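Okay, model-v1.txt is below, compact mmCIF, C-alpha atoms:
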# COMPACT_ATOMS: atom_id res chain seq x y z
CA MET I 1 -30.55 1.58 9.10
CA GLU I 2 -29.66 -0.70 6.25
CA GLU I 3 -25.94 -1.28 6.11
CA LYS I 4 -23.53 -2.80 3.68
CA LEU I 5 -20.53 -4.98 4.46
CA VAL I 6 -17.68 -3.22 2.63
CA PHE I 7 -14.80 -5.31 3.87
CA SER I 8 -14.57 -8.89 5.09
CA ARG I 9 -12.51 -12.03 4.62
CA PRO I 10 -12.36 -13.28 1.00
CA GLU I 11 -13.77 -16.73 0.34
CA ALA I 12 -10.41 -17.99 -0.96
CA LEU I 13 -8.80 -17.41 2.45
CA VAL I 14 -9.58 -19.97 5.16
CA ASP I 15 -11.03 -18.53 8.38
CA MET I 16 -8.25 -19.55 10.74
CA PRO I 17 -5.39 -17.83 12.59
CA THR I 18 -2.05 -17.79 10.77
CA HIS I 19 1.28 -18.72 12.37
CA TYR I 20 2.91 -15.54 11.05
CA CYS I 21 4.53 -13.14 13.52
CA PRO I 22 2.70 -9.91 14.46
CA GLY I 23 2.94 -7.41 11.61
CA CYS I 24 4.29 -9.87 9.03
CA HIS I 25 3.26 -8.81 5.56
CA HIS I 26 2.58 -12.38 4.45
CA GLY I 27 -0.92 -12.01 5.89
CA ILE I 28 -1.64 -8.94 3.77
CA ILE I 29 -0.29 -10.54 0.60
CA HIS I 30 -2.19 -13.80 1.21
CA ARG I 31 -5.38 -11.78 1.51
CA LEU I 32 -4.68 -9.83 -1.69
CA VAL I 33 -4.13 -13.07 -3.63
CA ALA I 34 -7.37 -14.48 -2.21
CA GLU I 35 -9.27 -11.30 -3.09
CA VAL I 36 -8.02 -11.40 -6.69
CA ILE I 37 -8.93 -15.09 -7.04
CA ASP I 38 -12.43 -14.34 -5.73
CA GLU I 39 -12.79 -11.31 -7.98
CA LEU I 40 -11.76 -13.24 -11.08
CA LYS I 41 -14.09 -16.09 -10.00
CA VAL I 42 -11.40 -18.72 -10.52
CA ARG I 43 -11.32 -20.22 -7.02
CA GLU I 44 -12.58 -23.60 -8.21
CA SER I 45 -9.97 -23.84 -10.96
CA THR I 46 -6.94 -22.40 -9.17
CA ILE I 47 -4.05 -24.56 -7.98
CA GLY I 48 -1.45 -22.90 -5.78
CA VAL I 49 2.09 -24.13 -5.22
CA ALA I 50 3.53 -23.41 -1.78
CA SER I 51 7.26 -23.08 -1.29
CA VAL I 52 9.54 -23.78 1.64
CA GLY I 53 9.94 -21.01 4.18
CA CYS I 54 7.55 -19.22 6.49
CA SER I 55 4.93 -19.37 3.74
CA ILE I 56 5.05 -23.17 3.51
CA LEU I 57 1.80 -23.33 5.47
CA ALA I 58 0.07 -21.28 2.76
CA TYR I 59 -1.55 -24.57 1.74
CA ASP I 60 -3.50 -24.45 5.00
CA TYR I 61 -4.50 -20.82 4.60
CA PHE I 62 -5.75 -20.71 1.01
CA ASN I 63 -9.17 -22.22 0.40
CA LEU I 64 -7.86 -23.71 -2.86
CA ASP I 65 -6.21 -26.83 -4.22
CA MET I 66 -2.59 -26.51 -3.15
CA VAL I 67 0.64 -28.42 -3.74
CA GLY I 68 3.68 -28.25 -1.50
CA ALA I 69 6.91 -28.12 -3.51
CA LEU I 70 10.45 -28.99 -2.49
CA HIS I 71 12.64 -26.04 -1.54
CA GLY I 72 12.94 -23.72 -4.55
CA ARG I 73 11.19 -26.09 -6.95
CA ALA I 74 7.78 -24.39 -6.98
CA PRO I 75 8.10 -23.06 -10.58
CA ALA I 76 9.06 -26.57 -11.79
CA VAL I 77 6.12 -28.13 -9.94
CA ALA I 78 3.83 -25.38 -11.25
CA THR I 79 5.08 -26.09 -14.78
CA GLY I 80 3.99 -29.72 -14.39
CA VAL I 81 0.64 -28.78 -12.87
CA LYS I 82 -0.14 -26.25 -15.60
CA ARG I 83 0.93 -28.50 -18.47
CA SER I 84 -1.09 -31.45 -17.16
CA GLN I 85 -4.10 -29.26 -16.22
CA PRO I 86 -4.03 -26.54 -18.89
CA GLY I 87 -7.47 -25.29 -17.89
CA SER I 88 -6.33 -24.46 -14.39
CA VAL I 89 -4.97 -21.22 -12.99
CA VAL I 90 -1.60 -21.90 -11.36
CA PHE I 91 0.45 -19.71 -9.07
CA THR I 92 3.51 -20.13 -6.90
CA TYR I 93 4.03 -18.26 -3.64
CA GLN I 94 7.72 -18.10 -2.80
CA GLY I 95 9.99 -16.23 -0.45
CA ASP I 96 13.43 -14.87 -1.27
CA GLY I 97 15.25 -17.71 0.48
CA ASP I 98 13.31 -20.07 -1.76
CA LEU I 99 13.17 -18.30 -5.13
CA ALA I 100 16.41 -16.29 -5.09
CA ALA I 101 18.68 -18.89 -3.48
CA ILE I 102 18.09 -22.63 -3.85
CA GLY I 103 15.41 -22.07 -6.50
CA THR I 104 17.23 -19.65 -8.81
CA ALA I 105 17.64 -22.25 -11.55
CA GLU I 106 13.96 -23.21 -11.49
CA ILE I 107 12.61 -19.67 -11.74
CA ILE I 108 15.11 -18.62 -14.41
CA HIS I 109 14.20 -21.56 -16.63
CA ALA I 110 10.45 -21.36 -15.98
CA ALA I 111 10.63 -17.67 -16.91
CA GLY I 112 12.87 -18.40 -19.89
CA ARG I 113 10.32 -20.92 -21.17
CA GLY I 114 7.55 -18.44 -20.53
CA GLU I 115 5.46 -20.99 -18.66
CA ASN I 116 1.91 -19.73 -18.38
CA ILE I 117 1.90 -19.41 -14.59
CA THR I 118 1.90 -16.61 -12.03
CA VAL I 119 4.85 -16.28 -9.65
CA LEU I 120 4.47 -14.32 -6.43
CA PHE I 121 7.88 -13.54 -5.00
CA ILE I 122 7.87 -12.22 -1.44
CA ASN I 123 11.19 -10.48 -0.72
CA ASN I 124 12.01 -9.56 2.87
CA ALA I 125 15.80 -9.65 2.48
CA ILE I 126 16.32 -12.39 5.08
CA TYR I 127 15.71 -16.07 5.85
CA GLY I 128 12.70 -15.83 8.14
CA MET I 129 11.70 -19.36 9.06
CA THR I 130 15.19 -20.58 9.93
CA GLY I 131 15.84 -17.69 12.28
CA GLY I 132 17.15 -14.69 10.37
CA GLN I 133 20.19 -15.73 8.39
CA MET I 134 21.66 -13.74 5.48
CA ALA I 135 19.84 -14.38 2.20
CA PRO I 136 20.96 -13.60 -1.38
CA THR I 137 18.65 -10.59 -1.13
CA THR I 138 20.11 -9.29 2.16
CA LEU I 139 21.24 -5.71 1.65
CA GLY I 140 24.85 -4.56 1.91
CA GLY I 141 25.51 -3.64 5.54
CA GLN I 142 22.36 -5.39 6.80
CA ARG I 143 22.85 -7.21 10.10
CA THR I 144 21.60 -10.80 10.25
CA GLN I 145 22.43 -13.85 12.36
CA THR I 146 25.14 -14.83 9.89
CA SER I 147 26.32 -11.30 9.10
CA PRO I 148 26.39 -9.78 12.61
CA ALA I 149 28.64 -6.91 11.49
CA GLY I 150 26.45 -6.28 8.42
CA ARG I 151 26.66 -7.98 5.02
CA ASP I 152 30.06 -7.29 3.50
CA PRO I 153 29.66 -7.30 -0.30
CA LYS I 154 33.39 -8.00 -0.72
CA LEU I 155 32.97 -11.24 1.20
CA ALA I 156 29.33 -12.21 0.57
CA GLY I 157 28.62 -10.53 -2.77
CA ASN I 158 25.85 -8.12 -3.63
CA PRO I 159 22.11 -8.80 -3.30
CA LEU I 160 20.24 -10.12 -6.33
CA ARG I 161 17.62 -7.95 -7.98
CA MET I 162 15.39 -10.77 -9.17
CA SER I 163 12.78 -8.67 -10.99
CA GLU I 164 15.44 -7.04 -13.16
CA ILE I 165 17.00 -10.46 -13.87
CA ILE I 166 13.64 -12.04 -14.81
CA ALA I 167 12.65 -9.01 -16.92
CA ALA I 168 15.76 -9.49 -19.05
CA LEU I 169 14.40 -12.84 -20.29
CA SER I 170 12.10 -13.10 -23.29
CA GLY I 171 9.56 -15.51 -21.72
CA PRO I 172 7.77 -13.46 -19.05
CA SER I 173 4.71 -11.38 -19.92
CA TYR I 174 4.78 -9.14 -16.87
CA VAL I 175 7.43 -8.34 -14.27
CA THR I 176 6.83 -5.84 -11.51
CA ARG I 177 8.04 -4.97 -8.03
CA THR I 178 5.63 -3.57 -5.46
CA ALA I 179 5.41 -3.15 -1.68
CA VAL I 180 2.64 -3.31 0.92
CA ASN I 181 4.01 -1.00 3.62
CA LYS I 182 1.50 1.78 2.84
CA PRO I 183 -2.23 1.66 2.06
CA ALA I 184 -1.77 2.98 -1.50
CA ARG I 185 0.91 0.37 -2.19
CA ILE I 186 -1.41 -2.38 -0.93
CA SER I 187 -3.90 -1.31 -3.65
CA GLN I 188 -1.12 -1.20 -6.26
CA THR I 189 0.03 -4.68 -5.26
CA ARG I 190 -3.53 -5.98 -5.55
CA LYS I 191 -3.74 -4.53 -9.08
CA ALA I 192 -0.38 -6.06 -10.02
CA ILE I 193 -1.43 -9.50 -8.77
CA LYS I 194 -4.71 -9.19 -10.67
CA LYS I 195 -2.91 -8.24 -13.86
CA ALA I 196 -0.55 -11.21 -13.55
CA PHE I 197 -3.52 -13.58 -13.14
CA GLU I 198 -5.37 -11.96 -16.04
CA LEU I 199 -2.34 -12.36 -18.32
CA GLN I 200 -2.20 -16.04 -17.37
CA LEU I 201 -5.92 -16.42 -18.13
CA ALA I 202 -5.29 -14.83 -21.53
CA GLY I 203 -2.39 -17.23 -22.14
CA HIS I 204 0.36 -14.65 -22.32
CA GLY I 205 2.93 -16.46 -20.21
CA LEU I 206 4.68 -16.06 -16.91
CA GLY I 207 3.76 -13.14 -14.69
CA PHE I 208 6.24 -12.26 -11.94
CA VAL I 209 5.17 -10.06 -9.05
CA GLU I 210 7.87 -9.25 -6.50
CA VAL I 211 6.45 -7.83 -3.28
CA LEU I 212 8.81 -6.17 -0.79
CA SER I 213 7.83 -7.43 2.64
CA THR I 214 8.91 -7.06 6.23
CA CYS I 215 10.32 -9.46 8.77
CA PRO I 216 9.93 -7.48 12.01
CA THR I 217 11.07 -10.39 14.18
CA ASN I 218 14.35 -11.07 12.41
CA TRP I 219 15.05 -7.45 11.52
CA GLY I 220 14.72 -6.63 15.24
CA LEU I 221 12.21 -3.84 14.59
CA SER I 222 8.62 -3.19 15.57
CA PRO I 223 6.08 -3.83 12.79
CA VAL I 224 5.65 -0.08 12.20
CA GLU I 225 9.43 0.55 12.18
CA ALA I 226 9.85 -2.39 9.80
CA GLY I 227 7.45 -0.73 7.36
CA GLN I 228 9.56 2.42 7.50
CA TRP I 229 12.72 0.34 6.96
CA VAL I 230 11.24 -0.85 3.64
CA ASP I 231 11.17 2.81 2.57
CA SER I 232 14.55 3.80 3.98
CA HIS I 233 16.61 0.73 3.04
CA MET I 234 14.87 -1.65 0.65
CA ILE I 235 13.26 0.60 -1.95
CA PRO I 236 16.51 2.53 -2.67
CA TYR I 237 18.13 -0.78 -3.70
CA TYR I 238 14.98 -2.53 -4.95
CA PRO I 239 13.10 0.21 -6.84
CA LEU I 240 9.37 -0.26 -7.30
CA GLY I 241 7.97 -0.31 -10.80
CA VAL I 242 7.03 -2.35 -13.85
CA PHE I 243 10.07 -3.89 -15.52
CA LYS I 244 8.33 -5.72 -18.34
CA GLU I 245 4.82 -5.78 -19.70
CA VAL I 246 3.47 -7.29 -22.91
CA GLU I 247 0.45 -5.86 -24.67
CA ALA I 248 -2.52 -7.90 -23.48
CA MET K 1 -22.52 6.10 9.58
CA ALA K 2 -19.92 3.41 9.45
CA ARG K 3 -18.64 0.88 11.90
CA THR K 4 -15.78 -1.53 12.33
CA VAL K 5 -16.01 -4.93 13.99
CA PHE K 6 -12.80 -6.33 15.48
CA ASN K 7 -12.36 -10.10 15.78
CA GLU K 8 -10.30 -9.38 18.86
CA ASP K 9 -8.87 -12.82 19.50
CA ARG K 10 -7.26 -12.80 16.04
CA CYS K 11 -5.44 -9.50 16.71
CA LYS K 12 -1.68 -9.85 17.20
CA GLY K 13 -1.22 -6.29 18.39
CA CYS K 14 1.10 -5.30 15.53
CA GLY K 15 -0.37 -1.79 15.40
CA LEU K 16 -0.25 -1.40 11.60
CA CYS K 17 -3.94 -0.39 11.54
CA ILE K 18 -3.37 2.27 14.22
CA GLU K 19 -0.68 3.79 12.01
CA ALA K 20 -2.79 3.52 8.84
CA CYS K 21 -6.09 4.97 10.11
CA PRO K 22 -6.50 8.41 8.48
CA LYS K 23 -8.73 9.59 11.36
CA LYS K 24 -6.29 8.30 14.01
CA ILE K 25 -9.13 6.83 16.04
CA LEU K 26 -7.62 3.38 16.69
CA ALA K 27 -5.48 2.48 19.71
CA PHE K 28 -4.43 -0.50 21.78
CA ALA K 29 -7.17 -1.42 24.23
CA GLU K 30 -6.11 -0.54 27.76
CA HIS K 31 -6.09 -3.12 30.55
CA ARG K 32 -7.13 -5.96 28.27
CA LEU K 33 -5.36 -8.91 26.67
CA ASN K 34 -6.86 -11.27 24.14
CA HIS K 35 -6.95 -15.06 23.99
CA ASN K 36 -3.32 -15.19 22.81
CA GLY K 37 -2.01 -12.63 25.28
CA TYR K 38 -1.77 -9.77 22.78
CA GLN K 39 -3.04 -6.30 23.54
CA PRO K 40 -5.78 -5.93 20.93
CA VAL K 41 -6.72 -2.81 18.99
CA ALA K 42 -10.04 -1.06 19.51
CA SER K 43 -11.68 2.10 18.21
CA LEU K 44 -11.40 5.10 20.55
CA ARG K 45 -14.06 7.20 18.83
CA PRO K 46 -16.27 4.89 16.73
CA GLY K 47 -18.53 7.80 15.76
CA GLU K 48 -15.72 9.35 13.67
CA CYS K 49 -15.22 6.23 11.52
CA THR K 50 -15.85 6.95 7.83
CA GLY K 51 -15.78 3.30 6.74
CA CYS K 52 -12.80 3.80 4.43
CA ALA K 53 -11.57 0.28 5.37
CA ILE K 54 -7.91 1.27 5.21
CA CYS K 55 -7.39 -0.32 8.64
CA ALA K 56 -8.92 -3.57 7.42
CA ARG K 57 -6.81 -3.59 4.25
CA THR K 58 -3.65 -2.99 6.27
CA CYS K 59 -4.35 -5.70 8.82
CA PRO K 60 -2.29 -8.84 8.12
CA ASP K 61 -4.72 -11.01 10.08
CA VAL K 62 -8.15 -10.03 8.68
CA VAL K 63 -9.23 -8.94 12.15
CA ILE K 64 -11.45 -6.08 10.98
CA SER K 65 -14.78 -6.13 9.13
CA VAL K 66 -16.16 -2.80 7.95
CA TYR K 67 -19.80 -1.81 7.49
CA ARG K 68 -21.14 1.34 5.88
CA GLU K 69 -24.60 2.76 5.54
CA ALA K 70 -26.21 1.47 2.36
CA ARG K 71 -27.47 4.05 -0.11
CA SER K 72 -30.36 1.78 -1.06
CA ALA K 73 -31.97 -1.40 0.24
CA ALA K 74 -30.66 -3.32 -2.77
CA GLU K 75 -27.11 -2.28 -1.93
CA ALA K 76 -27.45 -3.65 1.59
CA THR K 77 -27.10 -7.18 0.28
CA VAL K 78 -23.97 -6.48 -1.78
CA GLN K 79 -20.76 -7.72 -0.24
CA GLY K 80 -17.10 -7.28 -0.69
CA ALA K 81 -14.27 -5.35 -2.23
CA ASP K 82 -15.73 -2.69 -4.45
CA LEU K 83 -13.60 0.23 -3.33

As structure tokens, please, write out the structure in this file.
Amino acid sequence: MEEKLVFSRPEALVDMPTHYCPGCHHGIIHRLVAEVIDELKVRESTIGVASVGCSILAYDYFNLDMVGALHGRAPAVATGVKRSQPGSVVFTYQGDGDLAAIGTAEIIHAAGRGENITVLFINNAIYGMTGGQMAPTTLGGQRTQTSPAGRDPKLAGNPLRMSEIIAALSGPSYVTRTAVNKPARISQTRKAIKKAFELQLAGHGLGFVEVLSTCPTNWGLSPVEAGQWVDSHMIPYYPLGVFKEVEA
Amino acid sequence: MARTVFNEDRCKGCGLCIEACPKKILAFAEHRLNHNGYQPVASLRPGECTGCAICARTCPDVVISVYREARSAAEATVQGADL
């Protein structure tokens, strides 16, 4: 019987084990980015910018030219890369502790300028790498190492909805929030990432894809329970959808 | 006919594929640990696999490769994400 390989590792993803915890959605999102890069046939011209956080080792996992940026500075580094190499395809891959905390200024201004880059923002509502501290995206009432009784908005403020903030600016071409906790959402996320890359290739300016992700280890849940927690807790506060889209 | 191939030593035993499989034919392998000490996933009833690749797309660690019967000899050489 002749058979056809219908699913295997994309070329843009290095064949090696990742350091991510069991069930961490980073692995899924890495693969989607690699699949899109392969599909658009831009692997040789793509330069990725890794952030600080669990995903810092993304530069080992992507079979691409990669730059490691200082904490939060990935959009500024990507701005420099894109302006000096205008023929390249440039993306940043940042967590919420990186983009929504120390890097808020950089992403706001890169988006305000409408830099022609793609920003992948992975939001799991906690600081993963440092051991599960409260992040700016931590939900009200959510227990973390530094909010053991649950985040108290009166004391610690309310979580930032970054997609809505970025969509309010005039620079970005595309702002969307997706999730990967169900098979259909994985396909939607892949389409969103592809669209953001296509808009960059067409020169339309910054594309911002927020992906709701899990942190089973620091949430204290099993990987399957963590996926359900995205539905029960995250999506009610962080609704999925397209917040801005220019005509391509 | 379709079949899945598990790169067992890469499996971290998260179980997301077990949950995602529409045929519910995946389970943790009994009495077996992989290279890293995780209980890997295996197919209980490989004959029922339809080759939908939802397990593979859900896996965070690219453990699973999926093969399906080719409709023609030319198709047998085509690779990749065309679903």

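A straight line drawn from CA of Leu57 (chain I) to CA of Tyr93 (chain I) is 10.7 Å long.
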
* So, counting all atoms listed in the file, which residue among I:Pro223, I:Pro216, I:Pro148, I:Pro236 is closest to chain K? ->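 Ranking I:Pro223, I:Pro216, I:Pro148, I:Pro236 by distance to chain K, first place goes to I:Pro223.
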
* **Computed interatomic separation between CA of Val246 (chain I) and CA of Ala192 (chain I) (Å)** => 13.5 Å

* **Atomic distance CA of Pro22 (chain I) - CA of Lys191 (chain I), expressed in Å with one decimal** =>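 Distance between the two atoms: 25.0 Å.
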
* To do: Using all atoms listed in the file, find the one residue out of I:Thr18, I:Ser213, I:Ser51, I:Asn63 that sits nearest to Arg10 (chain K).
  =>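 Closest to Arg10 (chain K), using all atoms listed in the file: I:Thr18.
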
* Structure fact -> Using only C-alpha atoms, the shortest atom-to-atom distance to Cys17 (chain K) among I:Asn181, I:Cys54, I:Arg73, I:Gly68 belongs to I:Asn181

At most 7 Å is the cut-off: for each residue in chain I with any atom that close to an atom of chain K, write down the nearest atom pair and the distance in Å rounded to one decimal, counting all atoms listed in the file, chain first then increasing number, as CSV.
residue,atom,partner,partner_atom,distance
I:Glu2,CA,K:Ala70,CA,5.6
I:Glu3,CA,K:Glu69,CA,4.3
I:Lys4,CA,K:Ala76,CA,4.5
I:Leu5,CA,K:Tyr67,CA,4.4
I:Val6,CA,K:Gly80,CA,5.3
I:Phe7,CA,K:Val66,CA,5.0
I:Ser8,CA,K:Ser65,CA,4.9
I:Arg9,CA,K:Val62,CA,6.3
I:Pro17,CA,K:Arg10,CA,6.4
I:Pro22,CA,K:Cys14,CA,5.0
I:Gly23,CA,K:Cys14,CA,4.8
I:Cys24,CA,K:Pro60,CA,6.7
I:His25,CA,K:Pro60,CA,6.1
I:Gly27,CA,K:Pro60,CA,4.1
I:Ile28,CA,K:Pro60,CA,4.4
I:Pro183,CA,K:Thr58,CA,6.4
I:Pro223,CA,K:Cys14,CA,5.9
I:Val224,CA,K:Leu16,CA,6.1

Selected residues written out, C-alpha atoms, as a PDB file, in the frame of the given file:
ATOM      1  CA  GLU I   2     -29.660  -0.700   6.250  1.00  0.00           C
ATOM      2  CA  GLU I   3     -25.940  -1.280   6.110  1.00  0.00           C
ATOM      3  CA  LYS I   4     -23.530  -2.800   3.680  1.00  0.00           C
ATOM      4  CA  LEU I   5     -20.530  -4.980   4.460  1.00  0.00           C
ATOM      5  CA  VAL I   6     -17.680  -3.220   2.630  1.00  0.00           C
ATOM      6  CA  PHE I   7     -14.800  -5.310   3.870  1.00  0.00           C
ATOM      7  CA  SER I   8     -14.570  -8.890   5.090  1.00  0.00           C
ATOM      8  CA  ARG I   9     -12.510 -12.030   4.620  1.00  0.00           C
ATOM      9  CA  PRO I  17      -5.390 -17.830  12.590  1.00  0.00           C
ATOM     10  CA  PRO I  22       2.700  -9.910  14.460  1.00  0.00           C
ATOM     11  CA  GLY I  23       2.940  -7.410  11.610  1.00  0.00           C
ATOM     12  CA  CYS I  24       4.290  -9.870   9.030  1.00  0.00           C
ATOM     13  CA  HIS I  25       3.260  -8.810   5.560  1.00  0.00           C
ATOM     14  CA  GLY I  27      -0.920 -12.010   5.890  1.00  0.00           C
ATOM     15  CA  ILE I  28      -1.640  -8.940   3.770  1.00  0.00           C
ATOM     16  CA  PRO I 183      -2.230   1.660   2.060  1.00  0.00           C
ATOM     17  CA  PRO I 223       6.080  -3.830  12.790  1.00  0.00           C
ATOM     18  CA  VAL I 224       5.650  -0.080  12.200  1.00  0.00           C
TER      19      VAL I 224
END

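Minimum distance to Ala179 (chain I) across I:Asp231, I:Asp96, I:Glu106, I:Glu44 (counting only C-alpha atoms) occurs at I:Asp231.
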
* Pick the closest to Phe62 (chain I) from I:Glu11, I:Ile107, I:Ser45, I:Thr137: which is it, counting only C-alpha atoms? ->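 The shortest atom-to-atom distance to Phe62 (chain I) comes from I:Glu11.
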
List the neighbours of Gly128 (chain I) out to 8 Å using only C-alpha atoms; skip same-chain residues closer than 2 positions along the sequence, and give me the result as an mmCIF file with C-alpha atoms, keeping the file's coordinate frame.
data_model
loop_
_atom_site.group_PDB
_atom_site.id
_atom_site.type_symbol
_atom_site.label_atom_id
_atom_site.label_comp_id
_atom_site.auth_asym_id
_atom_site.auth_seq_id
_atom_site.Cartn_x
_atom_site.Cartn_y
_atom_site.Cartn_z
ATOM 1 C CA GLY I 53 9.940 -21.010 4.180
ATOM 2 C CA CYS I 54 7.550 -19.220 6.490
ATOM 3 C CA ILE I 126 16.320 -12.390 5.080
ATOM 4 C CA THR I 130 15.190 -20.580 9.930
ATOM 5 C CA GLY I 131 15.840 -17.690 12.280
ATOM 6 C CA GLY I 132 17.150 -14.690 10.370
ATOM 7 C CA GLN I 133 20.190 -15.730 8.390
ATOM 8 C CA CYS I 215 10.320 -9.460 8.770
ATOM 9 C CA ASN I 218 14.350 -11.070 12.410
#

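Of the residues listed (I:Gly48, I:Gly80, I:Gly114, I:Pro136), I:Pro136 shows the shortest atom-to-atom separation from Asp98 (chain I); distances use only C-alpha atoms.
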